[in-house]
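K.L.:
Shown below is the structure under consideration.
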Protein chains: 2
Amino acid sequence: MTRVADIGEFPFIARLAQHLPPYAPDVVEGVGDDVAVIRLDVGRLLLLTCDIQVSGVHFLPDVITPYQLGHKVAAINLSDIGAMGGRPLHFLFSLGLPPETRVEDMEAMYDGIRDECAPLGVDVVGGNVSRAPVLIVDASLIGEVAEDKLLRRKGARPGDCVLVTGSLGASRAGLELVLHRERAQQLSGDVSDAALAAHLTPRPRVREGQIIAACGGATAMIDVSDGLAADLGHICDLSGVGVRIFAQDVPVANAARKIAPTVGADPLAWALGGGEDYELCFTAQPNRVQALTEAVHRATGTSVHVIGQVLPQEAGRWLHLPNGSEMPLASTGWDHFRIA
Amino acid sequence: MTRVADIGEFPFIARLAQHLPPYAPDVVEGVGDDVAVIRLDVGRLLLLTCDIQVSGVHFLPDVITPYQLGHKVAAINLSDIGAMGGRPLHFLFSLGLPPETRVEDMEAMYDGIRDECAPLGVDVVGGNVSRAPVLIVDASLIGEVAEDKLLRRKGARPGDCVLVTGSLGASRAGLELVLHRERAQQLSGDVSDAALAAHLTPRPRVREGQIIAACGGATAMIDVSDGLAADLGHICDLSGVGVRIFAQDVPVANAARKIAPTVGADPLAWALGGGEDYELCFTAQPNRVQALTEAVHRATGTSVHVIGQVLPQEAGRWLHLPNGSEMPLASTGWDHFRIA
């Protein structure tokens, strides 16, 4: 007898994967990625993803408003579709909730969902509601992508550059303020607002993902949900490659630079391991880096940074420090069962 | 301030529906049905459904094995797609579970899912796993249907016949045995086995639904999940019609006939209100009834019964009793919040 907590999330999923029915011929990508890929027609792919958010596990109802929660649950799934270069289309929401839940709170949550979805032309076409001991929101999202635009975790090749959009670590900084509200008072309003917004209402890089996929030259992509090191590790695992990240090139968010030292933490550690930034990490052929960077910035205003290079698998995974030394790039990502 | 329990499931959903983003042009059917319908191409529709099952609310872990639970969560969703005449294709599963959950139990649940899916050519292409206070299984299923084969809740017309597949009330009889195990010992093994199987591992009428849709002449369809009277009420609501059901023509399951009297219950009440039978209730033009009935029986062995007639809306909803009297057909369906 083995408990799920004994083996952790990813080995547990691998065990379940041994008990699946066979895939139909139209399945391009099944269990193992955040998004399943189904062939609809020649050249046309359907994308399917889901994500369950549980009160007390993924969010604390005392520190996130229902409206912010709606924004966030939508954003998490939109980000997954964006990270494949796809166009998100239609949501379903399953709600589990205690009978004493306030209707007004759920209406506010749906307002947050609506305000996140409407600018992208995404709608909510169905769902399901049930009693449950705590609030649970399970979102399913379908999207679409042209087959020649699809970006996956596999595809990175030695010699490719590693790039990331925006900046990293602000969500982890926001978590710090959410858990210790008194700290926000010692900071400038701009810094605490940016940190809280990054954590509570992250903006998924959907347009950026579509532009990266359309521009040509990108070889693999993922969104930064577990933390840059862990998510880049998924690209390495699936692509069969190694990587070297240059610490001085990692775009550490200003909020992380300001807030991490106040609690004795390293801003770079937050940028590499914090998670929930929902930036895009991708690999690209070196001769396409400039065009990619300019295309994203021109269309969206979002900056793109080269932070490292893809290595052969046997070369390993390294973090290059400013003093010239190297340390292993540890995937200290979030495991839903091992890390409480 | 209003609690969800104060207003109940359907008014709550109606409140949330006021807070949705606008529908995209490809949405044929959005929130309000069990299944959303999206136009993929000319004549080709995508079907999307989801259903959340919560331990202690929808199932009791003491009385359903993990294998049976897997069968049932798959069946519930397959039934929803079948009830539109559709072909189910791909599942996603979100699991919420306590860390002490046994891996072997979850493997057995997936075996049940596999054994329900594989004969229909349905696969599991993704999912998501998280900690939660109790076991929660949220299934999302996509399917497909040709536009001219789609059957919905709306479409019934006065003069149509009302039909139902198989028999009704066995699942309610099985629930009785599940809650009071000692009662099973006073029954023949055949009766208790049939009742328990109907409740714990219902067989969705997917093939039957496809045949009904393909045969021509059916005008509206729904699966019997809330109870025949309630589900037929959904057809009446959406189609804008009334109905008369003839009590003596309702196919009451043998298990209900045998078990209801032992607890002072009316087998007909179980057939009309019990729910979770996952039979198909549909309406059809009278001149197509014989062809429909024969086509379903020939292909699947499943019987089909004419149980009533569709009336104009203003004629109301009636149950015709064998003594010639009539009583209102009460929709004593399951509400997740009002009835505990």
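Labeling convention for the structure tokens: chains A, B, ... as they appear, residues from 1 per chain, ligands from 1 in order of appearance.
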May I ask you to extract the residues of chain A within 6 Å of chain B, using only C-alpha atoms, and to give them as an MDAnalysis selection string?
P.N.:
chainID A and resid 2:5 16 19:21 23 30:31 36 51 99:103 107 110:111 114 118 123 125:126 128 130 336
K.L.:
Based on DSSP run over this structure's backbone, return all residues of range 76-304 of chain B in alpha helix (DSSP H), as a PyMOL selection string.
P.N.:
chain B and resi 76-82+103-117+170-179+189-200+206-215+228-239+254-259+267-273+289-300
K.L.:
By how many Å are CA of Leu177 in chain B and CA of Thr302 in chain B apart?
P.N.:
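Separation between CA of Leu177 in chain B and CA of Thr302 in chain B: 25.2 Å.
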K.L.:
Would you mind telling me which residue in B:Pro11, B:Gly169, B:Gly189, B:Gly316 lies nearest to Tyr278 in chain B when using only C-alpha atoms?
P.N.:
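Of B:Pro11, B:Gly169, B:Gly189, B:Gly316, the one nearest Tyr278 in chain B is B:Gly169, counting only C-alpha atoms.
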K.L.:
Given only C-alpha atoms as the basis, pick out the residue of B:Ala295, B:Val252, B:Ile245, B:Gly264 nearest to Glu326 in chain B.
P.N.:
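Looking at the shortest contact to Glu326 in chain B, the residue is B:Ile245.
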K.L.:
Between A:Leu272, A:Leu47, A:Leu168, A:Val310, which has the minimum distance to Arg244 in chain A (counting only C-alpha atoms)?
P.N.:
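The answer is A:Val310, which sits nearest to Arg244 in chain A.
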K.L.:
DSSP on the backbone, then: every residue of range 16-78 of chain B marked strand (DSSP E), written as a list in words.
P.N.:
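Everything in range 16-78 of chain B that counts as strand (DSSP E) is Val27, Val28, Glu29, Ala36, Val37, Ile38, Arg39, Leu40, Asp41, Arg44, Leu45, Leu46, Leu47, Leu48, Thr49, Cys50, Asp51, Ile52, Gln53 and Val54 of chain B.
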